[in-house]
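For reference, coords.cif is printed below; it contains mmCIF, C-alpha atoms.
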data_structure
loop_
_atom_site.label_atom_id
_atom_site.label_comp_id
_atom_site.auth_asym_id
_atom_site.auth_seq_id
_atom_site.Cartn_x
_atom_site.Cartn_y
_atom_site.Cartn_z
CA MET A 6 125.97 118.53 30.78
CA GLU A 7 124.23 121.17 28.68
CA LYS A 8 122.23 123.85 30.51
CA GLY A 9 118.46 123.52 30.26
CA TYR A 10 116.23 126.59 29.95
CA ILE A 11 112.77 127.58 31.09
CA HIS A 12 110.14 128.21 28.41
CA VAL A 13 106.70 129.77 28.92
CA TYR A 14 103.94 129.52 26.30
CA THR A 15 101.07 131.80 27.33
CA GLY A 16 98.41 134.12 25.94
CA ASP A 17 94.78 133.99 24.87
CA GLY A 18 95.42 132.31 21.51
CA LYS A 19 95.35 128.64 20.61
CA GLY A 20 98.53 126.61 20.35
CA LYS A 21 100.23 126.62 23.75
CA THR A 22 99.84 122.91 24.43
CA THR A 23 100.38 122.15 20.75
CA ALA A 24 103.71 124.02 20.81
CA ALA A 25 104.79 122.11 23.91
CA ILE A 26 103.80 118.78 22.34
CA GLY A 27 105.75 119.74 19.22
CA LEU A 28 108.82 120.38 21.36
CA ALA A 29 108.28 117.02 23.08
CA VAL A 30 108.18 115.22 19.72
CA ARG A 31 111.31 117.06 18.55
CA ALA A 32 113.13 116.18 21.78
CA ALA A 33 112.08 112.52 21.50
CA GLY A 34 113.38 112.50 17.94
CA ALA A 35 116.74 113.65 19.31
CA GLY A 36 116.84 110.78 21.81
CA LYS A 37 115.70 112.78 24.85
CA ASN A 38 113.19 111.56 27.43
CA VAL A 39 110.20 113.80 28.03
CA PHE A 40 107.70 114.00 30.88
CA ILE A 41 104.44 115.86 30.38
CA GLY A 42 102.33 116.69 33.42
CA GLN A 43 98.93 118.01 32.36
CA PHE A 44 97.45 120.14 35.11
CA VAL A 45 93.71 120.87 35.28
CA LYS A 46 93.03 118.40 32.44
CA SER A 47 91.51 115.03 33.24
CA MET A 48 90.05 114.01 29.90
CA GLU A 49 92.11 112.41 27.21
CA TYR A 50 92.77 114.77 24.33
CA SER A 51 93.94 113.46 20.95
CA GLU A 52 97.57 114.32 21.69
CA LEU A 53 97.57 111.62 24.37
CA ASN A 54 96.64 109.02 21.76
CA SER A 55 99.57 110.13 19.60
CA MET A 56 101.97 109.99 22.51
CA THR A 57 101.34 106.26 22.92
CA LEU A 58 103.35 105.86 19.70
CA LEU A 59 106.28 107.50 21.50
CA LYS A 60 105.72 105.90 24.90
CA ASP A 61 109.35 104.82 25.16
CA SER A 62 110.44 108.48 25.05
CA ILE A 63 107.45 110.50 26.28
CA ALA A 64 105.53 109.90 29.52
CA ILE A 65 102.30 111.74 30.31
CA GLU A 66 100.37 112.01 33.56
CA LEU A 67 97.14 113.93 34.19
CA PHE A 68 96.87 116.09 37.30
CA GLY A 69 93.28 117.18 36.89
CA HIS A 70 89.94 116.10 38.25
CA GLY A 71 86.97 116.70 35.99
CA CYS A 72 86.31 120.08 34.41
CA PHE A 73 85.66 122.91 36.85
CA ILE A 74 86.19 125.90 34.53
CA THR A 75 82.48 126.84 34.67
CA LYS A 76 82.35 126.50 38.47
CA ASP A 77 84.62 126.92 41.46
CA PRO A 78 87.24 124.20 41.88
CA ASP A 79 86.47 121.67 44.59
CA PRO A 80 88.90 120.08 47.06
CA GLN A 81 89.55 117.18 44.64
CA ASP A 82 90.68 119.63 41.94
CA ILE A 83 93.10 121.24 44.40
CA ALA A 84 94.36 117.87 45.65
CA ALA A 85 95.03 116.66 42.09
CA ALA A 86 97.05 119.78 41.25
CA LYS A 87 99.01 119.65 44.54
CA ALA A 88 99.78 115.97 43.92
CA GLY A 89 101.02 117.02 40.49
CA LEU A 90 103.55 119.41 42.01
CA VAL A 91 104.80 116.66 44.32
CA ARG A 92 105.08 114.31 41.35
CA ILE A 93 107.06 116.89 39.34
CA ARG A 94 109.59 117.17 42.18
CA GLU A 95 109.92 113.37 42.09
CA ILE A 96 110.44 113.55 38.34
CA PHE A 97 113.17 116.18 38.87
CA HIS A 98 114.98 113.82 41.26
CA SER A 99 114.64 110.81 38.97
CA ASN A 100 117.22 112.23 36.52
CA ARG A 101 115.36 110.31 33.79
CA TYR A 102 113.92 113.23 31.80
CA GLN A 103 115.69 115.96 29.87
CA VAL A 104 112.47 117.83 29.03
CA ILE A 105 109.64 118.37 31.52
CA ILE A 106 106.40 120.07 30.49
CA LEU A 107 103.92 121.51 32.98
CA ASP A 108 100.90 121.89 30.72
CA GLU A 109 98.26 124.40 31.93
CA ILE A 110 100.21 125.11 35.11
CA THR A 111 99.45 128.84 34.88
CA ILE A 112 95.73 128.02 34.75
CA ALA A 113 96.23 126.01 37.95
CA ILE A 114 97.74 129.13 39.52
CA PHE A 115 94.99 131.41 38.16
CA TYR A 116 92.26 129.21 39.67
CA GLN A 117 94.24 128.90 42.93
CA LEU A 118 94.71 125.15 42.71
CA VAL A 119 98.37 125.77 43.45
CA GLY A 120 100.16 128.83 44.75
CA LEU A 121 102.41 131.06 42.69
CA GLU A 122 105.19 130.62 45.27
CA GLU A 123 104.94 126.83 44.93
CA VAL A 124 105.48 127.06 41.18
CA LEU A 125 108.29 129.61 41.51
CA SER A 126 109.98 127.27 43.99
CA LEU A 127 109.59 124.43 41.52
CA MET A 128 111.16 126.56 38.78
CA ASP A 129 114.08 127.33 41.09
CA ALA A 130 114.50 123.60 41.80
CA LYS A 131 114.79 122.71 38.10
CA PRO A 132 117.86 120.56 37.58
CA TYR A 133 120.61 122.24 35.55
CA GLY A 134 120.32 120.03 32.45
CA VAL A 135 116.51 119.94 32.28
CA GLU A 136 114.48 121.96 29.79
CA LEU A 137 111.31 123.06 31.64
CA VAL A 138 108.22 124.22 29.76
CA LEU A 139 105.22 125.92 31.42
CA THR A 140 102.01 126.50 29.47
CA GLY A 141 98.68 128.20 30.02
CA ARG A 142 96.89 131.52 29.91
CA TYR A 143 97.37 134.22 32.52
CA ALA A 144 101.05 133.57 33.24
CA PRO A 145 102.00 135.79 36.20
CA GLU A 146 104.70 138.39 35.69
CA GLU A 147 106.93 136.63 38.24
CA ILE A 148 106.96 133.50 36.09
CA LEU A 149 107.65 135.50 32.93
CA ASP A 150 110.56 137.22 34.68
CA ARG A 151 112.17 133.88 35.67
CA ALA A 152 111.74 132.30 32.23
CA ASP A 153 114.47 132.27 29.61
CA LEU A 154 112.01 132.11 26.69
CA VAL A 155 108.47 133.49 26.63
CA THR A 156 106.10 133.09 23.70
CA GLU A 157 102.68 134.73 23.74
CA MET A 158 99.97 133.17 21.61
CA LYS A 159 97.61 135.97 20.62
CA GLU A 160 94.17 135.31 19.19
CA ILE A 161 93.59 137.40 16.09
CA LYS A 162 90.70 135.42 14.65
CA HIS A 163 89.06 132.14 15.64
CA TYR A 164 86.27 130.07 14.12
CA TYR A 165 84.84 129.47 17.62
CA THR A 166 83.32 132.95 17.34
CA GLN A 167 81.34 131.68 14.32
CA GLY A 168 79.93 128.78 16.35
CA VAL A 169 82.41 126.08 15.30
CA LEU A 170 82.94 123.75 18.22
CA SER A 171 86.17 122.02 19.22
CA ARG A 172 87.06 119.41 16.58
CA GLU A 173 88.76 116.13 17.39
CA GLY A 174 92.30 115.93 16.10
CA ILE A 175 92.46 119.67 15.42
CA ASP A 176 91.38 121.52 18.58
CA ARG A 177 91.36 118.66 21.06
#

Could you express the structure from this file as structure tokens?
Amino acid sequence: MEKGYIHVYTGDGKGKTTAAIGLAVRAAGAGKNVFIGQFVKSMEYSELNSMTLLKDSIAIELFGHGCFITKDPDPQDIAAAKAGLVRIREIFHSNRYQVIILDEITIAIFYQLVGLEEVLSLMDAKPYGVELVLTGRYAPEEILDRADLVTEMKEIKHYYTQGVLSREGIDR
């Protein structure tokens, strides 16, 4: 069995989830099974529509409850994220997936939906042959230290600053 590595895609620029989805598509093309757990998110972004075309290779579950970014998270937000961590451990034990993506997990830590120690423990529990990808802004140093690959997306320029809103199929 080939060793799997831990990737982190972080930073204030766009493209973290997109990079993870790209890796998922590449892995599916190579015959690997992929599980994507989207933390914090509860609405269906366009990438979820695309993934239905690859449903035999890529499974996606949402571990979010509404959008709390402009307010404090409520108990339902915390419960959804905690349930997501439990589900990821189940996925680890299933031995079905060679790539597991924890999308926006570092945002879940930042907003205290889950604890840093819980995520570090999950990273330590990663099965040997599984490629584990963590995405989101504000990745803590402890996570960066444990990762084998870290990519920082840095915003240089963005049309949002000119009033262009999120566009379907491009930004969401």

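Taking atom CA of Leu107 of chain A as the reference point, atom CA of Leu67 of chain A is found at 10.2 Å.
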
request  = Place a sphere of radius 7 Å on (113.1, 131.4, 30.6) in the file coordinates and name every protein, DNA or RNA residue with an atom inside or on its surface, counting only C-alpha atoms; give the answer as number ranges by chain.
outcome  = A: 10-13, 151-155

query = Restricting the calculation to only C-alpha atoms, which member of A:Val91, A:Met6, A:Leu53, A:Ile105 is positioned closest to Ala32 of chain A?
reply =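 Among the listed residues, the smallest separation from Ala32 of chain A belongs to A:Ile105.
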
Evaluate the PyMOL selection byres ((chain A and resi 114-128) around 10) here and jot the selected residues down as a PDB file with C-alpha atoms, in the frame of the given file.
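Written out: result-v3.pdb:
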ATOM      1  CA  ILE A  11     112.770 127.580  31.090  1.00  0.00           C
ATOM      2  CA  PHE A  44      97.450 120.140  35.110  1.00  0.00           C
ATOM      3  CA  VAL A  45      93.710 120.870  35.280  1.00  0.00           C
ATOM      4  CA  GLY A  69      93.280 117.180  36.890  1.00  0.00           C
ATOM      5  CA  PHE A  73      85.660 122.910  36.850  1.00  0.00           C
ATOM      6  CA  ILE A  74      86.190 125.900  34.530  1.00  0.00           C
ATOM      7  CA  ASP A  77      84.620 126.920  41.460  1.00  0.00           C
ATOM      8  CA  PRO A  78      87.240 124.200  41.880  1.00  0.00           C
ATOM      9  CA  ASP A  79      86.470 121.670  44.590  1.00  0.00           C
ATOM     10  CA  PRO A  80      88.900 120.080  47.060  1.00  0.00           C
ATOM     11  CA  GLN A  81      89.550 117.180  44.640  1.00  0.00           C
ATOM     12  CA  ASP A  82      90.680 119.630  41.940  1.00  0.00           C
ATOM     13  CA  ILE A  83      93.100 121.240  44.400  1.00  0.00           C
ATOM     14  CA  ALA A  84      94.360 117.870  45.650  1.00  0.00           C
ATOM     15  CA  ALA A  85      95.030 116.660  42.090  1.00  0.00           C
ATOM     16  CA  ALA A  86      97.050 119.780  41.250  1.00  0.00           C
ATOM     17  CA  LYS A  87      99.010 119.650  44.540  1.00  0.00           C
ATOM     18  CA  ALA A  88      99.780 115.970  43.920  1.00  0.00           C
ATOM     19  CA  GLY A  89     101.020 117.020  40.490  1.00  0.00           C
ATOM     20  CA  LEU A  90     103.550 119.410  42.010  1.00  0.00           C
ATOM     21  CA  VAL A  91     104.800 116.660  44.320  1.00  0.00           C
ATOM     22  CA  ILE A  93     107.060 116.890  39.340  1.00  0.00           C
ATOM     23  CA  ARG A  94     109.590 117.170  42.180  1.00  0.00           C
ATOM     24  CA  PHE A  97     113.170 116.180  38.870  1.00  0.00           C
ATOM     25  CA  GLU A 109      98.260 124.400  31.930  1.00  0.00           C
ATOM     26  CA  ILE A 110     100.210 125.110  35.110  1.00  0.00           C
ATOM     27  CA  THR A 111      99.450 128.840  34.880  1.00  0.00           C
ATOM     28  CA  ILE A 112      95.730 128.020  34.750  1.00  0.00           C
ATOM     29  CA  ALA A 113      96.230 126.010  37.950  1.00  0.00           C
ATOM     30  CA  ASP A 129     114.080 127.330  41.090  1.00  0.00           C
ATOM     31  CA  ALA A 130     114.500 123.600  41.800  1.00  0.00           C
ATOM     32  CA  LYS A 131     114.790 122.710  38.100  1.00  0.00           C
ATOM     33  CA  PRO A 132     117.860 120.560  37.580  1.00  0.00           C
ATOM     34  CA  LEU A 137     111.310 123.060  31.640  1.00  0.00           C
ATOM     35  CA  VAL A 138     108.220 124.220  29.760  1.00  0.00           C
ATOM     36  CA  LEU A 139     105.220 125.920  31.420  1.00  0.00           C
ATOM     37  CA  GLY A 141      98.680 128.200  30.020  1.00  0.00           C
ATOM     38  CA  ARG A 142      96.890 131.520  29.910  1.00  0.00           C
ATOM     39  CA  TYR A 143      97.370 134.220  32.520  1.00  0.00           C
ATOM     40  CA  ALA A 144     101.050 133.570  33.240  1.00  0.00           C
ATOM     41  CA  PRO A 145     102.000 135.790  36.200  1.00  0.00           C
ATOM     42  CA  GLU A 147     106.930 136.630  38.240  1.00  0.00           C
ATOM     43  CA  ILE A 148     106.960 133.500  36.090  1.00  0.00           C
ATOM     44  CA  ARG A 151     112.170 133.880  35.670  1.00  0.00           C
ATOM     45  CA  ALA A 152     111.740 132.300  32.230  1.00  0.00           C
TER      46      ALA A 152
END

key: A:Arg101, A:His163, A:Lys19, A:His70 ranked by distance to Gln43 of chain A, top pick (using all atoms listed in the file)   =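 The shortest atom-to-atom distance to Gln43 of chain A comes from A:His70.
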
message = One number please: atom CA of Thr57 of chain A to atom CA of Asp176 of chain A, in Å, one decimal.
response = 18.7 Å

ask   = Neighbours of Glu160 of chain A within 12 Å (all atoms listed in the file; same-chain residues fewer than 5 positions away dropped), as a PyMOL selection string?
value = chain A and resi 15-21+142+165-166

message = Assuming the chain letters and numbering stay as they are in my file, what does the PyMOL selection byres ((chain A and resi 61-64) around 12) actually select? List them as a ChimeraX atom specification.
response = /A:26-43,52-60,65-67,96,101-106

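We find atom CA of His98 of chain A and atom CA of Glu136 of chain A to be spaced 14.1 Å apart.
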
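If only C-alpha atoms are the atoms counted, then among A:Lys8, A:Glu173, A:Asn100, A:Tyr14 the closest residue to Leu149 of chain A is A:Tyr14.
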
So for segment 98-101 of chain A, what box centre and size do we get, axis-aligned, 6 Å extra on each of the six sides, every listed atom, Å to one decimal, as JSON?
{"center_x": 115.9, "center_y": 112.1, "center_z": 37.5, "size_x": 14.6, "size_y": 15.5, "size_z": 19.5}
